[in-house]
Each structure stands twice: as structure tokens, then as C-alpha cells.
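Below: entry-v5.cif (mmCIF, N, CA and C atoms)
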```
data_my_file
#
loop_
_atom_site.label_atom_id
_atom_site.label_comp_id
_atom_site.auth_asym_id
_atom_site.auth_seq_id
_atom_site.Cartn_x
_atom_site.Cartn_y
_atom_site.Cartn_z
N MET M 55 32.77 6.76 91.01
CA MET M 55 32.29 8.03 91.47
C MET M 55 31.31 7.81 92.63
N TYR M 56 31.38 8.67 93.63
CA TYR M 56 30.56 8.56 94.82
C TYR M 56 29.51 9.67 94.83
N ARG M 57 28.34 9.35 95.35
CA ARG M 57 27.25 10.33 95.42
C ARG M 57 26.95 10.68 96.88
N TYR M 58 26.73 11.98 97.12
CA TYR M 58 26.48 12.47 98.47
C TYR M 58 25.37 13.52 98.45
N GLU M 59 24.82 13.78 99.64
CA GLU M 59 23.87 14.88 99.79
C GLU M 59 24.30 15.73 100.98
N LEU M 60 24.51 17.01 100.72
CA LEU M 60 24.78 17.97 101.78
C LEU M 60 23.45 18.54 102.24
N LYS M 61 23.35 18.77 103.54
CA LYS M 61 22.12 19.31 104.13
C LYS M 61 22.49 20.55 104.91
N LEU M 62 22.06 21.70 104.39
CA LEU M 62 22.43 22.97 104.99
C LEU M 62 21.23 23.60 105.68
N ASP M 63 21.49 24.17 106.85
CA ASP M 63 20.46 24.82 107.64
C ASP M 63 20.85 26.28 107.85
N PHE M 64 20.00 27.18 107.39
CA PHE M 64 20.23 28.61 107.57
C PHE M 64 19.10 29.16 108.43
N ASP M 65 19.46 29.78 109.54
CA ASP M 65 18.46 30.31 110.46
C ASP M 65 18.16 31.78 110.19
N PHE M 66 18.11 32.13 108.93
CA PHE M 66 17.74 33.48 108.50
C PHE M 66 17.18 33.38 107.09
N LYS M 67 16.46 34.42 106.69
CA LYS M 67 15.92 34.50 105.33
C LYS M 67 16.65 35.65 104.62
N PRO M 68 17.38 35.32 103.57
CA PRO M 68 18.17 36.36 102.90
C PRO M 68 17.29 37.43 102.26
N ARG M 69 17.80 38.64 102.27
CA ARG M 69 17.07 39.76 101.64
C ARG M 69 17.11 39.65 100.13
N SER M 70 18.20 39.12 99.62
CA SER M 70 18.36 38.98 98.17
C SER M 70 18.61 37.52 97.81
N ALA M 71 17.64 36.91 97.13
CA ALA M 71 17.78 35.51 96.70
C ALA M 71 18.97 35.38 95.75
N LYS M 72 19.13 36.35 94.88
CA LYS M 72 20.20 36.31 93.88
C LYS M 72 21.58 36.37 94.53
N ARG M 73 21.75 37.27 95.48
CA ARG M 73 23.05 37.41 96.17
C ARG M 73 23.36 36.16 97.00
N PHE M 74 22.34 35.64 97.69
CA PHE M 74 22.52 34.43 98.50
C PHE M 74 22.92 33.26 97.60
N ALA M 75 22.23 33.10 96.47
CA ALA M 75 22.52 32.02 95.53
C ALA M 75 23.94 32.13 94.98
N LYS M 76 24.35 33.35 94.66
CA LYS M 76 25.70 33.56 94.13
C LYS M 76 26.76 33.19 95.16
N GLU M 77 26.50 33.51 96.42
CA GLU M 77 27.44 33.16 97.49
C GLU M 77 27.57 31.64 97.62
N ILE M 78 26.46 30.93 97.60
CA ILE M 78 26.49 29.45 97.68
C ILE M 78 27.26 28.88 96.49
N ALA M 79 26.95 29.37 95.29
CA ALA M 79 27.61 28.88 94.08
C ALA M 79 29.11 29.18 94.10
N ASN M 80 29.50 30.37 94.56
CA ASN M 80 30.92 30.71 94.67
C ASN M 80 31.64 29.77 95.63
N LYS M 81 31.01 29.51 96.76
CA LYS M 81 31.63 28.60 97.74
C LYS M 81 31.75 27.19 97.18
N LEU M 82 30.71 26.71 96.49
CA LEU M 82 30.78 25.38 95.87
C LEU M 82 31.90 25.31 94.84
N ASN M 83 32.02 26.36 94.06
CA ASN M 83 33.08 26.40 93.04
C ASN M 83 34.46 26.35 93.69
N PHE M 84 34.63 27.07 94.80
CA PHE M 84 35.90 27.06 95.53
C PHE M 84 36.18 25.68 96.11
N LEU M 85 35.17 25.07 96.73
CA LEU M 85 35.33 23.75 97.38
C LEU M 85 35.61 22.65 96.36
N LYS M 86 35.15 22.84 95.14
CA LYS M 86 35.39 21.86 94.07
C LYS M 86 36.89 21.59 93.91
N THR M 87 37.68 22.62 94.06
CA THR M 87 39.13 22.51 93.90
C THR M 87 39.74 21.54 94.91
N PHE M 88 39.25 21.56 96.13
CA PHE M 88 39.84 20.77 97.20
C PHE M 88 39.21 19.39 97.38
N PHE M 89 37.93 19.28 97.05
CA PHE M 89 37.21 18.03 97.30
C PHE M 89 36.81 17.30 96.02
N GLY M 90 37.03 17.88 94.85
CA GLY M 90 36.69 17.23 93.60
C GLY M 90 35.20 16.96 93.44
N ILE M 91 34.37 17.87 93.96
CA ILE M 91 32.93 17.65 93.92
C ILE M 91 32.31 18.24 92.66
N ARG M 92 31.21 17.63 92.21
CA ARG M 92 30.43 18.12 91.07
C ARG M 92 28.96 18.10 91.48
N VAL M 93 28.33 19.24 91.43
CA VAL M 93 26.93 19.36 91.86
C VAL M 93 26.00 18.75 90.82
N ILE M 94 25.05 17.98 91.31
CA ILE M 94 24.01 17.38 90.46
C ILE M 94 22.74 18.22 90.52
N ASP M 95 22.35 18.58 91.75
CA ASP M 95 21.10 19.32 91.92
C ASP M 95 21.11 20.09 93.23
N VAL M 96 20.27 21.10 93.29
CA VAL M 96 20.09 21.92 94.48
C VAL M 96 18.59 22.06 94.73
N LYS M 97 18.18 21.80 95.96
CA LYS M 97 16.78 21.96 96.35
C LYS M 97 16.75 22.86 97.58
N VAL M 98 15.83 23.82 97.58
CA VAL M 98 15.73 24.79 98.66
C VAL M 98 14.30 24.82 99.17
N TYR M 99 14.16 24.85 100.50
CA TYR M 99 12.85 24.94 101.15
C TYR M 99 12.91 26.02 102.21
N GLU M 100 11.85 26.78 102.31
CA GLU M 100 11.76 27.79 103.37
C GLU M 100 11.14 27.16 104.60
N THR M 101 11.64 27.55 105.77
CA THR M 101 11.09 27.11 107.06
C THR M 101 10.63 28.36 107.81
N SER M 102 10.08 28.16 109.00
CA SER M 102 9.62 29.34 109.76
C SER M 102 10.77 30.27 110.12
N LYS M 103 11.96 29.71 110.36
CA LYS M 103 13.12 30.52 110.76
C LYS M 103 14.04 30.90 109.60
N GLY M 104 14.07 30.09 108.55
CA GLY M 104 15.05 30.34 107.49
C GLY M 104 14.90 29.42 106.31
N LEU M 105 16.00 28.69 106.01
CA LEU M 105 16.05 27.85 104.82
C LEU M 105 16.70 26.50 105.11
N HIS M 106 16.26 25.50 104.39
CA HIS M 106 16.96 24.22 104.30
C HIS M 106 17.39 24.07 102.84
N VAL M 107 18.67 23.77 102.64
CA VAL M 107 19.21 23.61 101.30
C VAL M 107 19.82 22.21 101.20
N TYR M 108 19.39 21.46 100.19
CA TYR M 108 19.89 20.11 99.94
C TYR M 108 20.69 20.16 98.64
N ILE M 109 21.95 19.73 98.71
CA ILE M 109 22.82 19.75 97.54
C ILE M 109 23.26 18.33 97.24
N SER M 110 22.81 17.81 96.11
CA SER M 110 23.25 16.48 95.66
C SER M 110 24.50 16.67 94.83
N LEU M 111 25.50 15.81 95.09
CA LEU M 111 26.76 15.97 94.36
C LEU M 111 27.47 14.64 94.17
N TYR M 112 28.40 14.66 93.24
CA TYR M 112 29.31 13.55 92.99
C TYR M 112 30.70 13.97 93.44
N SER M 113 31.49 12.96 93.81
CA SER M 113 32.90 13.19 94.10
C SER M 113 33.69 12.01 93.54
N ASN M 114 34.84 12.29 92.96
CA ASN M 114 35.71 11.21 92.48
C ASN M 114 36.31 10.44 93.64
N ALA M 115 36.50 11.14 94.75
CA ALA M 115 37.08 10.52 95.94
C ALA M 115 35.98 10.22 96.95
N GLU M 116 36.21 9.21 97.76
CA GLU M 116 35.27 8.91 98.82
C GLU M 116 35.42 9.96 99.92
N LEU M 117 34.30 10.59 100.28
CA LEU M 117 34.31 11.59 101.34
C LEU M 117 33.93 10.94 102.66
N THR M 118 34.60 11.36 103.73
CA THR M 118 34.26 10.86 105.07
C THR M 118 33.11 11.68 105.63
N ASP M 119 32.52 11.20 106.71
CA ASP M 119 31.50 11.98 107.39
C ASP M 119 32.08 13.31 107.86
N GLU M 120 33.33 13.29 108.30
CA GLU M 120 34.00 14.53 108.72
C GLU M 120 34.09 15.51 107.56
N ASP M 121 34.40 15.01 106.35
CA ASP M 121 34.45 15.86 105.17
C ASP M 121 33.10 16.52 104.90
N ILE M 122 32.04 15.74 105.07
CA ILE M 122 30.69 16.27 104.85
C ILE M 122 30.40 17.41 105.82
N VAL M 123 30.76 17.24 107.09
CA VAL M 123 30.57 18.30 108.08
C VAL M 123 31.35 19.54 107.68
N VAL M 124 32.60 19.38 107.26
CA VAL M 124 33.43 20.51 106.85
C VAL M 124 32.79 21.23 105.66
N LEU M 125 32.32 20.47 104.68
CA LEU M 125 31.68 21.08 103.51
C LEU M 125 30.45 21.88 103.91
N GLN M 126 29.61 21.30 104.76
CA GLN M 126 28.39 21.98 105.19
C GLN M 126 28.72 23.26 105.96
N LEU M 127 29.71 23.19 106.82
CA LEU M 127 30.14 24.37 107.58
C LEU M 127 30.71 25.43 106.64
N ALA M 128 31.54 25.02 105.70
CA ALA M 128 32.15 25.96 104.76
C ALA M 128 31.11 26.63 103.87
N LEU M 129 29.99 25.95 103.64
CA LEU M 129 28.92 26.53 102.83
C LEU M 129 27.98 27.43 103.63
N GLY M 130 28.23 27.54 104.94
CA GLY M 130 27.50 28.48 105.76
C GLY M 130 26.37 27.91 106.59
N SER M 131 26.26 26.59 106.64
CA SER M 131 25.22 25.97 107.46
C SER M 131 25.40 26.39 108.92
N ASP M 132 24.32 26.41 109.66
CA ASP M 132 24.31 26.82 111.06
C ASP M 132 25.47 26.18 111.82
N TYR M 133 26.34 27.00 112.41
CA TYR M 133 27.55 26.49 113.05
C TYR M 133 27.25 25.60 114.26
N LYS M 134 26.16 25.87 114.98
CA LYS M 134 25.84 25.03 116.13
C LYS M 134 25.43 23.63 115.65
N ARG M 135 24.61 23.58 114.61
CA ARG M 135 24.19 22.29 114.04
C ARG M 135 25.41 21.50 113.60
N GLU M 136 26.34 22.17 112.92
CA GLU M 136 27.51 21.47 112.40
C GLU M 136 28.47 21.05 113.52
N LEU M 137 28.53 21.81 114.59
CA LEU M 137 29.35 21.38 115.73
C LEU M 137 28.77 20.11 116.34
N PHE M 138 27.44 20.07 116.50
CA PHE M 138 26.81 18.84 117.01
C PHE M 138 27.00 17.68 116.04
N ASN M 139 26.93 17.95 114.73
CA ASN M 139 27.21 16.90 113.74
C ASN M 139 28.64 16.38 113.91
N TRP M 140 29.58 17.31 114.07
CA TRP M 140 31.00 16.94 114.25
C TRP M 140 31.17 16.04 115.48
N LEU M 141 30.52 16.42 116.59
CA LEU M 141 30.62 15.62 117.81
C LEU M 141 30.01 14.23 117.61
N ARG M 142 28.88 14.15 116.91
CA ARG M 142 28.27 12.84 116.64
C ARG M 142 29.18 11.98 115.76
N VAL M 143 29.76 12.59 114.73
CA VAL M 143 30.65 11.86 113.81
C VAL M 143 31.89 11.35 114.54
N ARG M 144 32.43 12.13 115.44
CA ARG M 144 33.66 11.76 116.15
C ARG M 144 33.41 10.87 117.35
N SER M 145 32.16 10.71 117.72
CA SER M 145 31.80 9.91 118.89
C SER M 145 32.16 8.44 118.69
N LYS M 146 32.45 7.77 119.80
CA LYS M 146 32.70 6.32 119.74
C LYS M 146 31.42 5.58 119.39
N ASP M 147 30.28 6.14 119.79
CA ASP M 147 28.99 5.57 119.41
C ASP M 147 28.67 6.07 118.01
N LYS M 148 28.69 5.20 117.04
CA LYS M 148 28.45 5.61 115.66
C LYS M 148 26.96 5.82 115.44
N PHE M 149 26.62 7.02 115.01
CA PHE M 149 25.23 7.37 114.73
C PHE M 149 24.95 7.12 113.25
N LYS M 150 23.95 6.32 112.98
CA LYS M 150 23.60 6.03 111.59
C LYS M 150 23.02 7.27 110.90
N HIS M 151 22.19 8.01 111.62
CA HIS M 151 21.54 9.19 111.05
C HIS M 151 22.02 10.44 111.78
N TRP M 152 23.24 10.84 111.53
CA TRP M 152 23.83 11.97 112.23
C TRP M 152 23.54 13.29 111.52
N ASN M 153 23.18 13.26 110.24
CA ASN M 153 23.02 14.48 109.44
C ASN M 153 21.55 14.65 109.06
N VAL M 154 20.77 15.20 109.99
CA VAL M 154 19.32 15.25 109.82
C VAL M 154 18.81 16.69 109.76
N LEU M 155 17.91 16.94 108.84
CA LEU M 155 17.11 18.17 108.83
C LEU M 155 15.66 17.73 108.94
N PHE M 156 14.92 18.34 109.82
CA PHE M 156 13.53 17.94 110.01
C PHE M 156 12.63 18.67 109.02
N LYS M 157 11.86 17.90 108.26
CA LYS M 157 10.93 18.48 107.30
C LYS M 157 9.76 19.15 108.02
N VAL M 158 9.41 18.63 109.19
CA VAL M 158 8.34 19.19 110.02
C VAL M 158 8.82 19.17 111.47
N LYS M 159 8.57 20.27 112.21
CA LYS M 159 8.90 20.33 113.64
C LYS M 159 7.61 20.56 114.42
N TYR M 160 7.51 19.82 115.53
CA TYR M 160 6.34 19.92 116.40
C TYR M 160 6.75 20.42 117.78
N LYS M 161 5.83 21.13 118.43
CA LYS M 161 6.01 21.52 119.83
C LYS M 161 4.63 21.40 120.49
N ASN M 162 4.58 20.58 121.53
CA ASN M 162 3.31 20.32 122.23
C ASN M 162 2.22 19.84 121.27
N GLY M 163 2.61 19.00 120.30
CA GLY M 163 1.66 18.42 119.37
C GLY M 163 1.25 19.34 118.22
N GLU M 164 1.77 20.56 118.20
CA GLU M 164 1.44 21.52 117.15
C GLU M 164 2.63 21.68 116.21
N ILE M 165 2.34 21.83 114.92
CA ILE M 165 3.40 22.10 113.95
C ILE M 165 3.88 23.53 114.16
N VAL M 166 5.20 23.67 114.40
CA VAL M 166 5.78 25.00 114.58
C VAL M 166 6.62 25.42 113.39
N SER M 167 7.00 24.44 112.56
CA SER M 167 7.78 24.75 111.37
C SER M 167 7.69 23.58 110.41
N LYS M 168 7.71 23.90 109.12
CA LYS M 168 7.79 22.84 108.11
C LYS M 168 8.44 23.39 106.86
N GLU M 169 9.07 22.51 106.13
CA GLU M 169 9.69 22.90 104.87
C GLU M 169 8.59 23.20 103.85
N GLU M 170 8.75 24.33 103.17
CA GLU M 170 7.78 24.70 102.15
C GLU M 170 8.49 25.22 100.92
N LYS M 171 7.94 24.89 99.76
CA LYS M 171 8.47 25.41 98.50
C LYS M 171 7.78 26.76 98.26
N THR M 172 8.50 27.83 98.56
CA THR M 172 7.96 29.19 98.45
C THR M 172 8.61 29.91 97.27
N LYS M 173 8.15 31.12 97.02
CA LYS M 173 8.74 31.93 95.95
C LYS M 173 10.23 32.19 96.24
N LEU M 174 10.55 32.50 97.50
CA LEU M 174 11.95 32.73 97.87
C LEU M 174 12.78 31.48 97.60
N ALA M 175 12.29 30.32 98.02
CA ALA M 175 13.01 29.06 97.82
C ALA M 175 13.22 28.79 96.34
N GLU M 176 12.19 29.00 95.54
CA GLU M 176 12.30 28.78 94.09
C GLU M 176 13.29 29.73 93.44
N GLU M 177 13.30 30.99 93.88
CA GLU M 177 14.25 31.97 93.34
C GLU M 177 15.69 31.58 93.67
N ILE M 178 15.92 31.14 94.90
CA ILE M 178 17.27 30.74 95.29
C ILE M 178 17.71 29.52 94.49
N GLU M 179 16.83 28.54 94.35
CA GLU M 179 17.15 27.36 93.52
C GLU M 179 17.53 27.78 92.11
N TYR M 180 16.68 28.60 91.49
CA TYR M 180 16.90 29.02 90.11
C TYR M 180 18.25 29.73 89.96
N HIS M 181 18.50 30.70 90.82
CA HIS M 181 19.73 31.47 90.69
C HIS M 181 20.97 30.65 91.04
N THR M 182 20.86 29.76 92.01
CA THR M 182 22.01 28.90 92.35
C THR M 182 22.36 28.03 91.15
N ARG M 183 21.36 27.41 90.54
CA ARG M 183 21.61 26.58 89.35
C ARG M 183 22.21 27.41 88.21
N LYS M 184 21.68 28.60 88.03
CA LYS M 184 22.18 29.49 86.97
C LYS M 184 23.66 29.81 87.20
N TYR M 185 24.00 30.17 88.43
CA TYR M 185 25.41 30.50 88.72
C TYR M 185 26.30 29.27 88.59
N LEU M 186 25.81 28.12 89.02
CA LEU M 186 26.61 26.91 88.88
C LEU M 186 26.86 26.58 87.41
N LEU M 187 25.85 26.79 86.58
CA LEU M 187 26.04 26.59 85.14
C LEU M 187 27.09 27.56 84.60
N LEU M 188 27.02 28.78 85.07
CA LEU M 188 28.02 29.76 84.64
C LEU M 188 29.42 29.33 85.03
N PHE M 189 29.53 28.68 86.18
CA PHE M 189 30.83 28.19 86.62
C PHE M 189 31.16 26.85 85.98
N ASN M 190 30.31 26.41 85.07
CA ASN M 190 30.50 25.11 84.41
C ASN M 190 30.61 24.00 85.45
N HIS M 191 29.71 24.04 86.43
CA HIS M 191 29.84 23.18 87.60
C HIS M 191 28.71 22.16 87.75
N LEU M 192 27.62 22.38 87.01
CA LEU M 192 26.46 21.52 87.20
C LEU M 192 26.49 20.38 86.18
N LEU M 193 26.40 19.14 86.67
CA LEU M 193 26.33 17.98 85.78
C LEU M 193 24.88 17.68 85.44
N GLU M 194 24.64 17.29 84.22
CA GLU M 194 23.31 16.80 83.85
C GLU M 194 23.24 15.34 84.24
N GLU M 195 22.12 14.96 84.84
CA GLU M 195 21.95 13.56 85.26
C GLU M 195 21.16 12.83 84.18
N TYR M 196 21.75 11.80 83.62
CA TYR M 196 21.10 11.03 82.56
C TYR M 196 20.50 9.79 83.16
N GLY M 197 19.28 9.53 82.73
CA GLY M 197 18.85 8.34 83.15
C GLY M 197 17.74 7.65 83.46
#
```

Just give me the structure of the file as C-alpha cells.
Amino acid sequence: MYRYELKLDFDFKPRSAKRFAKEIANKLNFLKTFFGIRVIDVKVYETSKGLHVYISLYSNAELTDEDIVVLQLALGSDYKRELFNWLRVRSKDKFKHWNVLFKVKYKNGEIVSKEEKTKLAEEIEYHTRKYLLLFNHLLEEYG
């Protein structure tokens, strides 16, 4: 079994944490059919512009970097970010760190954005996990 982390970037803040979480869980459940993925954990952080979502998962099959880009795009991650990821992955110059989300962003030496665990982020995490459990999709990690 292979372990991966998806990194999703949303440049908006959803009005409904519950609806947003259900959409993510529905998409993960659909993608499970094609990629054989099983979610281990979901972590959500609010940024100045939106959200960063980290999804840890297992897959029975080895996923390529291209597969990771497709999964992130299918889950709704910022399309411009994923296009740049796709170009880096397909480049002849292999990038070791092609899938990056910045925990802190600076402009002119000042922090302009940083990941924060907020009430919105916690609500989305809670509801996403709840929906994944309902879909019988979340694995317990022993260990």
C-alpha cells in the first residue's frame, strides 16, 4: 500500500462549512472508484484568501505525480495552481518539490498570509471526517 498527501488550495472561504465538507467528501468517494484511494486524515487551515486542505490517503496502486495533479484538480483545488503543477510534473527538468503550499507568505518582509486553525477550518475538518465516515471511507490509523 502506498501513502500520499494531496494539497488543495481554495482561493475563497465557503459560506457553509457543512456544504463545502460534503462536496469534498462526495468527490473523494467518487474518486475512490477510479484510483482505489482510502482517506486517512483531513487537515484544514484558513488563509487570508481562503483555505488550504491537506488530505492524507492510501492507495493500493502506485500513483504518479500526474495522478496527484488530476486528483487535486478534481477535488476543486485552484485550477491555475494545478496547471502550474502539471507543467512542472511534465517538464524535462524534474522538480523535487513541485506540490507546495506555503504555510506563511511574505511581501516586502511583512507576513501577508499564514495558515491558521480557525473555527471555519475546524468545522470543515469535522464535517468532512463525518461525511467520510458515513461513506465508510475513512481508515483508522493504528500505531

Contacts of M:Lys76 within 6.5 Å, only N, CA and C atoms, excl. fewer than 3 positions in-chain, as an mmCIF file with N, CA and C atoms, in the coordinates of the input:
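The new file result.cif reads:
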```cif
data_model
loop_
_atom_site.group_PDB
_atom_site.id
_atom_site.type_symbol
_atom_site.label_atom_id
_atom_site.label_comp_id
_atom_site.auth_asym_id
_atom_site.auth_seq_id
_atom_site.Cartn_x
_atom_site.Cartn_y
_atom_site.Cartn_z
ATOM 1 N N ALA M 71 17.640 36.910 97.130
ATOM 2 C CA ALA M 71 17.780 35.510 96.700
ATOM 3 C C ALA M 71 18.970 35.380 95.750
ATOM 4 N N LYS M 72 19.130 36.350 94.880
ATOM 5 C CA LYS M 72 20.200 36.310 93.880
ATOM 6 C C LYS M 72 21.580 36.370 94.530
ATOM 7 N N ARG M 73 21.750 37.270 95.480
ATOM 8 C CA ARG M 73 23.050 37.410 96.170
ATOM 9 C C ARG M 73 23.360 36.160 97.000
ATOM 10 N N ALA M 79 26.950 29.370 95.290
ATOM 11 C CA ALA M 79 27.610 28.880 94.080
ATOM 12 C C ALA M 79 29.110 29.180 94.100
ATOM 13 N N ASN M 80 29.500 30.370 94.560
ATOM 14 C CA ASN M 80 30.920 30.710 94.670
ATOM 15 C C ASN M 80 31.640 29.770 95.630
ATOM 16 N N LYS M 81 31.010 29.510 96.760
ATOM 17 C CA LYS M 81 31.630 28.600 97.740
ATOM 18 C C LYS M 81 31.750 27.190 97.180
ATOM 19 N N HIS M 181 18.500 30.700 90.820
ATOM 20 C CA HIS M 181 19.730 31.470 90.690
ATOM 21 C C HIS M 181 20.970 30.650 91.040
ATOM 22 N N THR M 182 20.860 29.760 92.010
ATOM 23 C CA THR M 182 22.010 28.900 92.350
ATOM 24 C C THR M 182 22.360 28.030 91.150
ATOM 25 N N TYR M 185 24.000 30.170 88.430
ATOM 26 C CA TYR M 185 25.410 30.500 88.720
ATOM 27 C C TYR M 185 26.300 29.270 88.590
#
```

(request) Output the residue selection produced by the PyMOL selection byres (((chain M and resi 165-174 and name CA) around 6) and name CA) on the file above, formatted as a ChimeraX atom specification. (result) /M:99-102,157-160,164,175-177

(request) Within 6.5 Å of (14.6, 29.1, 111.1) (coordinates as in the file), grab all the protein and nucleic acid residues, counting all atoms listed in the file, and write them out as a count of residues only. (result) 8

(message) I'd like to know which of M:Lys134, M:Lys148, M:Arg183, M:Lys67 is closest to M:His106, using only C-alpha atoms.
(response)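 Among the listed residues, the smallest separation from M:His106 belongs to M:Lys67.
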
(request) Point out the residue among M:Val123, M:Glu116, M:Leu82, M:Phe89 with the least atom-to-atom distance to M:Glu136, counting all atoms listed in the file. (result)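 Closest residue, counting all atoms listed in the file: M:Val123.
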
(request) Mind giving me the straight-line distance from atom CA of M:Arg69 to atom CA of M:Val124 in Å, one decimal? (result)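 So the two atoms, atom CA of M:Arg69 and atom CA of M:Val124, lie 25.8 Å apart.
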
(message) Rounded to one decimal, what separation in Å do you get between atom CA of M:Ile91 and atom CA of M:Leu117?
(response) 9.7 Å

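Here the PyMOL selection byres ((chain M and resi 109) around 5) captures the residues Glu59, Leu60, Asp95, Val96, Val107, Tyr108, Ser110 and Leu111 of chain M.
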
(request) Please give the complete set of residues from stretch 62-176 of chain M that DSSP, run on the backbone, assigns to helix (DSSP H, G or I), formatted as a ChimeraX atom specification. (result) /M:71-89,119-128,133-144,173-176

(message) When DSSP is applied to the backbone of this structure, which of stretch 92-170 of chain M are assigned strand (DSSP E)? Write them out as number ranges by chain.
(response) M: 92-100, 105-113, 158-161, 164-168

(message) Taking only C-alpha atoms into account, name the residue in M:Val98, M:Leu155, M:Leu188, M:Leu127 that is nearest to M:Phe74.
(response)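 The closest residue to M:Phe74 is M:Val98.
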
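Each of M:Gly90, M:Asn162, M:Glu120, M:Leu129 was compared to M:Arg144 using all atoms listed in the file, and M:Glu120 turns out to be the nearest.
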
Around all the atoms of stretch 125-131 of chain M listed in the file, with 5 Å of room on each side, what axis-aligned box do you get, giving centre and edge lengths in Å to one decimal, as JSON?
```
{"center_x": 28.8, "center_y": 24.5, "center_z": 105.9, "size_x": 17.1, "size_y": 18.0, "size_z": 16.1}
```

(request) Report the distance between atom CA of M:Thr118 and atom CA of M:Tyr58 in Å, rounded to one decimal place. (result)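 That distance, rounded to one decimal, is 10.3 Å.
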
(request) Determine the nearest neighbour of M:Glu179 from the options M:Asp132, M:Ile78, M:Tyr112, M:Ser145, counting only C-alpha atoms. (result)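 Looking only at the distances to M:Glu179, the closest residue turns out to be M:Ile78.
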